[in-house]
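Only one structure is covered here, and it is reproduced in the block below.
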2 protein chains.
Amino acid sequence: MRPAKISESAVRRLSLYLRVLDAFELAGKTTVSSGDLAERGGVTPAQVRKDLSHFGSFGKRGLGYPVSELRERVTEILGLGRRWRVGLIGAGKLGAALFFYDGFRGQGFDVVAVFDNDPDKIGRRWGRLVVEDIESMDSVMRASQVEMGIIVTPAVSAQQVADRLIASGVEAILNFAPTRLQVPPGITLRNVNLEIELESLAFALTHENGA
Amino acid sequence: MRPAKISESAVRRLSLYLRVLDAFELAGKTTVSSGDLAERGGVTPAQVRKDLSHFGSFGKRGLGYPVSELRERVTEILGLGRRWRVGLIGAGKLGAALFFYDGFRGQGFDVVAVFDNDPDKIGRRWGRLVVEDIESMDSVMRASQVEMGIIVTPAVSAQQVADRLIASGVEAILNFAPTRLQVPPGITLRNVNLEIELESLAFALTHENGA
DNA sequence: CTTCGCTTGTGAAATCAATCACAAACGAAC
DNA sequence: GTTCGTTTGTGATTGATTTCACAAGCGAAG
């Protein structure tokens, strides 16, 4: 089943359910109800059922969902039934933190290339990889068949890097630079902006008069 | 003006407008229209006007908004007219990346304490600070009057750290650990989950049939 | 002082997302 | 094989957010 339009927030909840399912499977449970999933995921049971129903009927009335099978189905739905080849642009501190973070590999994401424009960083060994010159990005990205790009550069370089990524055939970009990137239709872009997160906290603390 | 309820997404857009205003001010523009802001921010002009109108009437019909003044007003609205004292829990690679990132200080956020539970890390000098033992968190946090906490620990420790933060009087938490934290009402929590971001990209790439 | 082009501010309308509520379906019990 | 307690799947409803559309206001021009 491939529904017309799934909201971004629904997809994010699927990721959430997947983690809860992992925990349940580890705990040896064989079936879960939408209520179980909802409680652990911090949403309502109806929301869980609605989210899942967009992709098919995975549960049994009166019983709930089979943990193992539902986990497989959600994995498949999210596109995690395969491994993804990721390129990292920016070999600074944040880039290093992401590169050495184990969680990505566990979820099926392999960083297969790292780039920077700083001569001091180019050539350094990072695990199995060597930091490459950003000038060789296009050829290396194509050779390594990179499908996703993670931008961890300063804001000023981010748009240029995005353009080059797209020119190299990358169709999905995760941008950590605090700037709004312009990308053509068909390219998927997600932004993680740490300043905005903190500012949102500042707003909440400043306006929590009614609490 | 302090409106009843502003949506989380509207607040995030205000952060966005603030950055666009910075750029316009730097470029020497003295007034901007909602259309200008919208174009640079990737939203619609009506959205810009609606967002701003929740907090007052800052523009002049026929002219637009005065850049400098609007920037000040939005700064004030977001609670950025002062500095915020932030505590960082977790002195790993990601913690270091955040600590040494200049963007926070520029926006008014000062990391005034860093904690870890690893004896190898405790006592190390980070810039002007020294990594402290997480056991001394409560007293140090209170002494430093920390108002926000950033959790950059492994998932298993995150809930415990959050509980201790809250016990220390912190009312706003930014959580990078890939787990859902339970917090009491009145505590503001924002999550940044890098795995979910990548999974959302995987989903988009997998289902981009209609593009 | 009147007209004109432009832009705001904002109710109304439309779109989108979350919740409700209930019929249908299931296994267990007897 | 019937009843019972439970839980799904989903149309209907409610709620939230975005977009529309236009009156009102502004400065400039003459």
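So you can find residues: chains in the structure tokens are A, B, ... in the order shown, residues in each start at 1, and ligands are numbered from 1 in order.
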
Mind fitting chain B onto chain A over all Cα atoms in sequence order and sending the result as an mmCIF file with C-alpha atoms, in the first residue's frame?
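So the final result, stored in out_25.cif, reads:
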data_model
loop_
_atom_site.group_PDB
_atom_site.id
_atom_site.type_symbol
_atom_site.label_atom_id
_atom_site.label_comp_id
_atom_site.auth_asym_id
_atom_site.auth_seq_id
_atom_site.Cartn_x
_atom_site.Cartn_y
_atom_site.Cartn_z
ATOM 1 C CA MET B 1 -0.066 -0.105 0.052
ATOM 2 C CA ARG B 2 1.364 3.237 -0.972
ATOM 3 C CA PRO B 3 -0.911 6.075 0.106
ATOM 4 C CA ALA B 4 -1.121 9.424 -1.635
ATOM 5 C CA LYS B 5 0.153 11.705 1.034
ATOM 6 C CA ILE B 6 1.564 11.047 4.463
ATOM 7 C CA SER B 7 2.289 14.023 6.648
ATOM 8 C CA GLU B 8 5.828 14.644 7.746
ATOM 9 C CA SER B 9 4.762 14.366 11.377
ATOM 10 C CA ALA B 10 3.155 10.978 10.763
ATOM 11 C CA VAL B 11 6.424 9.695 9.315
ATOM 12 C CA ARG B 12 8.324 10.920 12.345
ATOM 13 C CA ARG B 13 5.865 9.103 14.575
ATOM 14 C CA LEU B 14 6.538 5.907 12.649
ATOM 15 C CA SER B 15 10.211 6.261 13.552
ATOM 16 C CA LEU B 16 9.109 6.635 17.110
ATOM 17 C CA TYR B 17 6.931 3.525 17.012
ATOM 18 C CA LEU B 18 9.835 1.618 15.562
ATOM 19 C CA ARG B 19 11.944 2.424 18.613
ATOM 20 C CA VAL B 20 9.150 1.457 20.953
ATOM 21 C CA LEU B 21 8.711 -1.803 19.058
ATOM 22 C CA ASP B 22 12.422 -2.499 19.404
ATOM 23 C CA ALA B 23 12.107 -2.063 23.135
ATOM 24 C CA PHE B 24 9.049 -4.308 23.327
ATOM 25 C CA GLU B 25 10.712 -7.002 21.256
ATOM 26 C CA LEU B 26 13.779 -6.844 23.463
ATOM 27 C CA ALA B 27 11.489 -7.223 26.449
ATOM 28 C CA GLY B 28 10.066 -10.382 24.925
ATOM 29 C CA LYS B 29 6.560 -9.134 24.221
ATOM 30 C CA THR B 30 4.958 -10.751 21.214
ATOM 31 C CA THR B 31 1.926 -8.510 20.772
ATOM 32 C CA VAL B 32 1.189 -4.866 21.563
ATOM 33 C CA SER B 33 -2.002 -2.861 21.475
ATOM 34 C CA SER B 34 -2.243 0.640 20.072
ATOM 35 C CA GLY B 35 -2.623 1.712 23.682
ATOM 36 C CA ASP B 36 0.735 0.186 24.607
ATOM 37 C CA LEU B 37 2.453 1.888 21.702
ATOM 38 C CA ALA B 38 0.718 5.150 22.462
ATOM 39 C CA GLU B 39 1.727 5.179 26.082
ATOM 40 C CA ARG B 40 5.382 4.585 25.359
ATOM 41 C CA GLY B 41 5.366 6.951 22.415
ATOM 42 C CA GLY B 42 3.594 9.835 24.080
ATOM 43 C CA VAL B 43 0.666 9.929 21.662
ATOM 44 C CA THR B 44 -2.945 8.744 21.656
ATOM 45 C CA PRO B 45 -4.029 5.210 20.754
ATOM 46 C CA ALA B 46 -6.217 6.558 17.959
ATOM 47 C CA GLN B 47 -3.238 8.341 16.485
ATOM 48 C CA VAL B 48 -1.233 5.134 16.450
ATOM 49 C CA ARG B 49 -3.996 3.229 14.702
ATOM 50 C CA LYS B 50 -4.564 5.995 12.169
ATOM 51 C CA ASP B 51 -0.863 6.276 11.381
ATOM 52 C CA LEU B 52 -0.511 2.559 10.835
ATOM 53 C CA SER B 53 -3.762 2.242 8.919
ATOM 54 C CA HIS B 54 -2.354 4.445 6.153
ATOM 55 C CA PHE B 55 -0.122 1.563 5.167
ATOM 56 C CA GLY B 56 -2.334 -1.423 5.759
ATOM 57 C CA SER B 57 -4.017 -3.512 8.434
ATOM 58 C CA PHE B 58 -1.350 -5.020 10.585
ATOM 59 C CA GLY B 59 -3.298 -5.803 13.712
ATOM 60 C CA LYS B 60 -5.882 -8.277 14.897
ATOM 61 C CA ARG B 61 -9.007 -6.964 16.578
ATOM 62 C CA GLY B 62 -9.223 -7.983 20.164
ATOM 63 C CA LEU B 63 -5.502 -8.799 20.244
ATOM 64 C CA GLY B 64 -3.378 -5.963 18.978
ATOM 65 C CA TYR B 65 -0.319 -6.014 16.744
ATOM 66 C CA PRO B 66 2.293 -8.757 16.479
ATOM 67 C CA VAL B 67 5.475 -7.035 17.659
ATOM 68 C CA SER B 68 7.959 -8.727 15.419
ATOM 69 C CA GLU B 69 5.926 -8.502 12.261
ATOM 70 C CA LEU B 70 4.890 -4.910 12.823
ATOM 71 C CA ARG B 71 8.483 -3.967 13.430
ATOM 72 C CA GLU B 72 9.414 -5.475 10.091
ATOM 73 C CA ARG B 73 6.574 -3.731 8.328
ATOM 74 C CA VAL B 74 7.399 -0.329 9.780
ATOM 75 C CA THR B 75 11.062 -0.880 8.957
ATOM 76 C CA GLU B 76 10.058 -1.561 5.391
ATOM 77 C CA ILE B 77 7.687 1.403 5.235
ATOM 78 C CA LEU B 78 10.370 3.788 6.423
ATOM 79 C CA GLY B 79 12.739 2.507 3.771
ATOM 80 C CA LEU B 80 15.056 0.908 6.304
ATOM 81 C CA GLY B 81 14.973 -2.546 4.762
ATOM 82 C CA ARG B 82 18.250 -1.677 3.033
ATOM 83 C CA ARG B 83 21.400 0.294 3.794
ATOM 84 C CA TRP B 84 21.856 3.915 2.747
ATOM 85 C CA ARG B 85 25.099 5.512 1.593
ATOM 86 C CA VAL B 86 25.665 8.880 3.202
ATOM 87 C CA GLY B 87 28.200 11.606 2.494
ATOM 88 C CA LEU B 88 29.285 14.014 5.217
ATOM 89 C CA ILE B 89 30.415 17.483 4.211
ATOM 90 C CA GLY B 90 32.307 19.294 6.947
ATOM 91 C CA ALA B 91 34.983 17.627 9.072
ATOM 92 C CA GLY B 92 34.673 19.917 12.063
ATOM 93 C CA LYS B 93 33.647 18.965 15.580
ATOM 94 C CA LEU B 94 29.997 18.415 14.755
ATOM 95 C CA GLY B 95 30.903 16.400 11.663
ATOM 96 C CA ALA B 96 33.175 14.233 13.788
ATOM 97 C CA ALA B 97 30.491 13.746 16.403
ATOM 98 C CA LEU B 98 28.051 12.543 13.759
ATOM 99 C CA PHE B 99 30.637 10.389 12.022
ATOM 100 C CA PHE B 100 31.612 8.529 15.160
ATOM 101 C CA TYR B 101 28.054 8.181 16.419
ATOM 102 C CA ASP B 102 27.084 4.523 16.326
ATOM 103 C CA GLY B 103 23.356 5.069 16.114
ATOM 104 C CA PHE B 104 23.383 5.744 12.397
ATOM 105 C CA ARG B 105 25.038 2.518 11.407
ATOM 106 C CA GLY B 106 22.621 0.652 13.607
ATOM 107 C CA GLN B 107 19.701 2.122 11.677
ATOM 108 C CA GLY B 108 21.165 1.352 8.269
ATOM 109 C CA PHE B 109 23.057 4.522 7.429
ATOM 110 C CA ASP B 110 26.698 4.196 6.369
ATOM 111 C CA VAL B 111 28.854 7.281 6.065
ATOM 112 C CA VAL B 112 31.017 6.385 3.080
ATOM 113 C CA ALA B 113 32.762 9.710 2.429
ATOM 114 C CA VAL B 114 33.814 12.806 4.365
ATOM 115 C CA PHE B 115 34.812 16.118 2.814
ATOM 116 C CA ASP B 116 36.294 19.403 3.944
ATOM 117 C CA ASN B 117 38.008 22.367 2.326
ATOM 118 C CA ASP B 118 40.545 22.910 5.105
ATOM 119 C CA PRO B 119 44.014 21.665 4.042
ATOM 120 C CA ASP B 120 44.731 20.827 7.673
ATOM 121 C CA LYS B 121 41.839 18.402 7.734
ATOM 122 C CA ILE B 122 42.127 16.906 4.262
ATOM 123 C CA GLY B 123 44.024 13.630 4.341
ATOM 124 C CA ARG B 124 43.332 12.877 7.975
ATOM 125 C CA ARG B 125 42.222 9.386 8.762
ATOM 126 C CA TRP B 126 38.750 8.987 10.267
ATOM 127 C CA GLY B 127 38.132 5.352 11.125
ATOM 128 C CA ARG B 128 38.218 3.495 7.828
ATOM 129 C CA LEU B 129 37.959 6.716 5.798
ATOM 130 C CA VAL B 130 40.187 9.604 4.875
ATOM 131 C CA VAL B 131 38.877 13.162 4.806
ATOM 132 C CA GLU B 132 38.777 14.210 1.163
ATOM 133 C CA ASP B 133 39.147 17.548 -0.545
ATOM 134 C CA ILE B 134 35.778 19.092 -1.202
ATOM 135 C CA GLU B 135 36.995 19.819 -4.729
ATOM 136 C CA SER B 136 36.826 16.116 -5.493
ATOM 137 C CA MET B 137 33.312 15.851 -4.138
ATOM 138 C CA ASP B 138 31.485 15.292 -7.389
ATOM 139 C CA SER B 139 33.597 12.399 -8.634
ATOM 140 C CA VAL B 140 33.929 10.722 -5.233
ATOM 141 C CA MET B 141 30.231 11.034 -4.500
ATOM 142 C CA ARG B 142 29.349 9.462 -7.801
ATOM 143 C CA ALA B 143 31.951 6.728 -7.465
ATOM 144 C CA SER B 144 30.690 5.889 -3.977
ATOM 145 C CA GLN B 145 27.076 6.134 -5.113
ATOM 146 C CA VAL B 146 26.195 8.415 -2.236
ATOM 147 C CA GLU B 147 22.461 8.885 -1.850
ATOM 148 C CA MET B 148 22.200 11.315 1.056
ATOM 149 C CA GLY B 149 24.264 14.297 2.105
ATOM 150 C CA ILE B 150 24.733 15.735 5.564
ATOM 151 C CA ILE B 151 25.857 19.353 5.581
ATOM 152 C CA VAL B 152 27.875 20.305 8.658
ATOM 153 C CA THR B 153 29.651 23.374 7.331
ATOM 154 C CA PRO B 154 29.465 27.015 8.368
ATOM 155 C CA ALA B 155 26.375 28.814 7.144
ATOM 156 C CA VAL B 156 28.178 30.751 4.431
ATOM 157 C CA SER B 157 29.295 27.607 2.593
ATOM 158 C CA ALA B 158 26.099 25.633 3.013
ATOM 159 C CA GLN B 159 24.238 26.725 -0.128
ATOM 160 C CA GLN B 160 27.243 26.125 -2.326
ATOM 161 C CA VAL B 161 27.732 22.684 -0.810
ATOM 162 C CA ALA B 162 24.063 21.889 -1.314
ATOM 163 C CA ASP B 163 24.292 22.881 -4.970
ATOM 164 C CA ARG B 164 27.277 20.619 -5.466
ATOM 165 C CA LEU B 165 25.562 17.749 -3.666
ATOM 166 C CA ILE B 166 22.582 18.054 -5.940
ATOM 167 C CA ALA B 167 24.840 18.255 -8.978
ATOM 168 C CA SER B 168 26.405 14.992 -7.797
ATOM 169 C CA GLY B 169 23.036 13.292 -7.897
ATOM 170 C CA VAL B 170 22.141 13.428 -4.214
ATOM 171 C CA GLU B 171 18.391 13.693 -3.674
ATOM 172 C CA ALA B 172 18.191 14.004 0.109
ATOM 173 C CA ILE B 173 19.981 16.493 2.314
ATOM 174 C CA LEU B 174 20.159 16.887 6.063
ATOM 175 C CA ASN B 175 21.326 20.422 6.815
ATOM 176 C CA PHE B 176 22.836 21.468 10.132
ATOM 177 C CA ALA B 177 24.020 24.877 8.950
ATOM 178 C CA PRO B 178 21.878 27.684 10.401
ATOM 179 C CA THR B 179 20.673 28.989 7.072
ATOM 180 C CA ARG B 180 17.727 28.372 4.792
ATOM 181 C CA LEU B 181 18.814 26.377 1.764
ATOM 182 C CA GLN B 182 17.253 26.758 -1.640
ATOM 183 C CA VAL B 183 16.735 23.410 -3.360
ATOM 184 C CA PRO B 184 14.858 22.473 -6.544
ATOM 185 C CA PRO B 185 11.688 20.383 -6.467
ATOM 186 C CA GLY B 186 12.311 16.680 -6.086
ATOM 187 C CA ILE B 187 15.119 17.190 -3.590
ATOM 188 C CA THR B 188 14.209 16.324 -0.014
ATOM 189 C CA LEU B 189 15.625 18.684 2.581
ATOM 190 C CA ARG B 190 15.486 18.480 6.368
ATOM 191 C CA ASN B 191 16.938 21.124 8.614
ATOM 192 C CA VAL B 192 18.284 20.796 12.103
ATOM 193 C CA ASN B 193 18.873 24.210 13.562
ATOM 194 C CA LEU B 194 20.203 24.144 17.079
ATOM 195 C CA GLU B 195 19.826 27.870 17.578
ATOM 196 C CA ILE B 196 16.135 27.663 16.775
ATOM 197 C CA GLU B 197 15.703 24.872 19.308
ATOM 198 C CA LEU B 198 17.275 26.933 22.072
ATOM 199 C CA GLU B 199 15.299 30.000 21.069
ATOM 200 C CA SER B 200 12.128 27.985 21.236
ATOM 201 C CA LEU B 201 13.065 27.055 24.799
ATOM 202 C CA ALA B 202 13.773 30.703 25.624
ATOM 203 C CA PHE B 203 10.360 31.645 24.285
ATOM 204 C CA ALA B 204 8.658 28.978 26.346
ATOM 205 C CA LEU B 205 10.430 30.010 29.544
ATOM 206 C CA THR B 206 9.687 33.659 28.913
ATOM 207 C CA HIS B 207 5.981 33.154 28.289
ATOM 208 C CA GLU B 208 5.155 30.456 30.800
ATOM 209 C CA ASN B 209 2.852 32.741 32.730
ATOM 210 C CA GLY B 210 -0.183 30.472 32.597
ATOM 211 C CA ALA B 211 1.627 27.386 33.880
#

With 10 Å as the cut-off and only C-alpha atoms (C1' of nucleotides) counted, what is the closest atom pair between each nearby residue of chain D and chain A? Distances in Å to one decimal, ordered by chain and number, as a tab-separated table.
residue	atom	partner	partner_atom	distance
D:DG5	C1'	A:Gly62	CA	8.6
D:DT6	C1'	A:Gly62	CA	4.7
D:DT7	C1'	A:Gly62	CA	4.0
D:DT8	C1'	A:Arg61	CA	4.3
D:DG9	C1'	A:Ser53	CA	7.0
D:DT10	C1'	A:Lys50	CA	8.2

Please, which residues in chain C fall within 12 Å of chain A when counting only C-alpha atoms (C1' of nucleotides), and what is the closest atom pair and distance in Å to one decimal for each, ordered by chain then residue number, as CSV?
residue,atom,partner,partner_atom,distance
C:DC16,C1',A:Ser7,CA,9.1
C:DA17,C1',A:Ser7,CA,8.5
C:DA18,C1',A:Gln47,CA,7.2
C:DT19,C1',A:Ala46,CA,7.2
C:DC20,C1',A:Ala46,CA,8.7
C:DA21,C1',A:Ala46,CA,10.6
C:DA23,C1',A:Arg61,CA,12.0
C:DA24,C1',A:Arg61,CA,8.6
C:DA25,C1',A:Arg61,CA,5.5
C:DC26,C1',A:Gly62,CA,5.0
C:DG27,C1',A:Gly62,CA,7.5
C:DA28,C1',A:Gly62,CA,10.9

Take the residues from that selection and write them out as an mmCIF file, in the first residue's frame, keeping C-alpha atoms (C1' of nucleotides).
data_model
loop_
_atom_site.group_PDB
_atom_site.id
_atom_site.type_symbol
_atom_site.label_atom_id
_atom_site.label_comp_id
_atom_site.auth_asym_id
_atom_site.auth_seq_id
_atom_site.Cartn_x
_atom_site.Cartn_y
_atom_site.Cartn_z
ATOM 1 C "C1'" DC C 16 -4.764 19.920 7.190
ATOM 2 C "C1'" DA C 17 -4.209 17.066 11.397
ATOM 3 C "C1'" DA C 18 -5.868 14.919 15.581
ATOM 4 C "C1'" DT C 19 -9.518 12.894 18.181
ATOM 5 C "C1'" DC C 20 -13.780 10.565 18.824
ATOM 6 C "C1'" DA C 21 -16.806 6.921 18.722
ATOM 7 C "C1'" DA C 23 -19.288 -1.297 14.203
ATOM 8 C "C1'" DA C 24 -16.716 -5.318 13.117
ATOM 9 C "C1'" DA C 25 -13.737 -8.950 14.405
ATOM 10 C "C1'" DC C 26 -11.137 -11.809 17.365
ATOM 11 C "C1'" DG C 27 -10.009 -15.413 21.131
ATOM 12 C "C1'" DA C 28 -11.437 -17.277 25.475
#

message: as a PyMOL selection string, please: every residue in stretch 25-180 of chain A that a backbone DSSP assignment puts in strand (DSSP E).
response: chain A and resi 31-32+65-66+84-89+109-116+125-126+129-130+132-133+148-151+172-175

Kindly save the residues from that selection, with C-alpha atoms included, as an mmCIF file, in the first residue's frame.
data_model
loop_
_atom_site.group_PDB
_atom_site.id
_atom_site.type_symbol
_atom_site.label_atom_id
_atom_site.label_comp_id
_atom_site.auth_asym_id
_atom_site.auth_seq_id
_atom_site.Cartn_x
_atom_site.Cartn_y
_atom_site.Cartn_z
ATOM 1 C CA THR A 31 1.924 -8.635 20.655
ATOM 2 C CA VAL A 32 1.209 -4.991 21.483
ATOM 3 C CA TYR A 65 -0.338 -6.098 16.658
ATOM 4 C CA PRO A 66 2.282 -8.841 16.358
ATOM 5 C CA TRP A 84 21.848 3.939 2.792
ATOM 6 C CA ARG A 85 25.076 5.518 1.642
ATOM 7 C CA VAL A 86 25.660 8.892 3.238
ATOM 8 C CA GLY A 87 28.197 11.620 2.522
ATOM 9 C CA LEU A 88 29.278 14.024 5.232
ATOM 10 C CA ILE A 89 30.426 17.491 4.230
ATOM 11 C CA PHE A 109 23.044 4.552 7.471
ATOM 12 C CA ASP A 110 26.684 4.218 6.409
ATOM 13 C CA VAL A 111 28.844 7.287 6.103
ATOM 14 C CA VAL A 112 30.994 6.395 3.122
ATOM 15 C CA ALA A 113 32.745 9.704 2.458
ATOM 16 C CA VAL A 114 33.803 12.805 4.384
ATOM 17 C CA PHE A 115 34.816 16.110 2.842
ATOM 18 C CA ASP A 116 36.298 19.392 3.944
ATOM 19 C CA ARG A 125 42.186 9.372 8.795
ATOM 20 C CA TRP A 126 38.729 9.012 10.298
ATOM 21 C CA LEU A 129 37.938 6.710 5.839
ATOM 22 C CA VAL A 130 40.167 9.599 4.902
ATOM 23 C CA GLU A 132 38.768 14.194 1.175
ATOM 24 C CA ASP A 133 39.140 17.521 -0.537
ATOM 25 C CA MET A 148 22.190 11.329 1.093
ATOM 26 C CA GLY A 149 24.251 14.305 2.126
ATOM 27 C CA ILE A 150 24.729 15.747 5.590
ATOM 28 C CA ILE A 151 25.857 19.366 5.596
ATOM 29 C CA ALA A 172 18.175 14.004 0.142
ATOM 30 C CA ILE A 173 19.974 16.506 2.344
ATOM 31 C CA LEU A 174 20.163 16.908 6.085
ATOM 32 C CA ASN A 175 21.328 20.429 6.816
#

Sel. of helix (DSSP H, G or I) residues, stretch 45-207 of chain B, as a PyMOL selection string: chain B and resi 45-53+67-77+93-99+102-106+134-143+155-167+194-206

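Taking atom C1' of D:DA24 as the reference point, atom C1' of C:DT2 is found at 17.0 Å.
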
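For the pair atom C1' of C:DT8 and atom C1' of D:DG30, the separation is 25.6 Å.
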
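For the pair atom C1' of D:DT19 and atom C1' of C:DC4, the separation is 27.6 Å.
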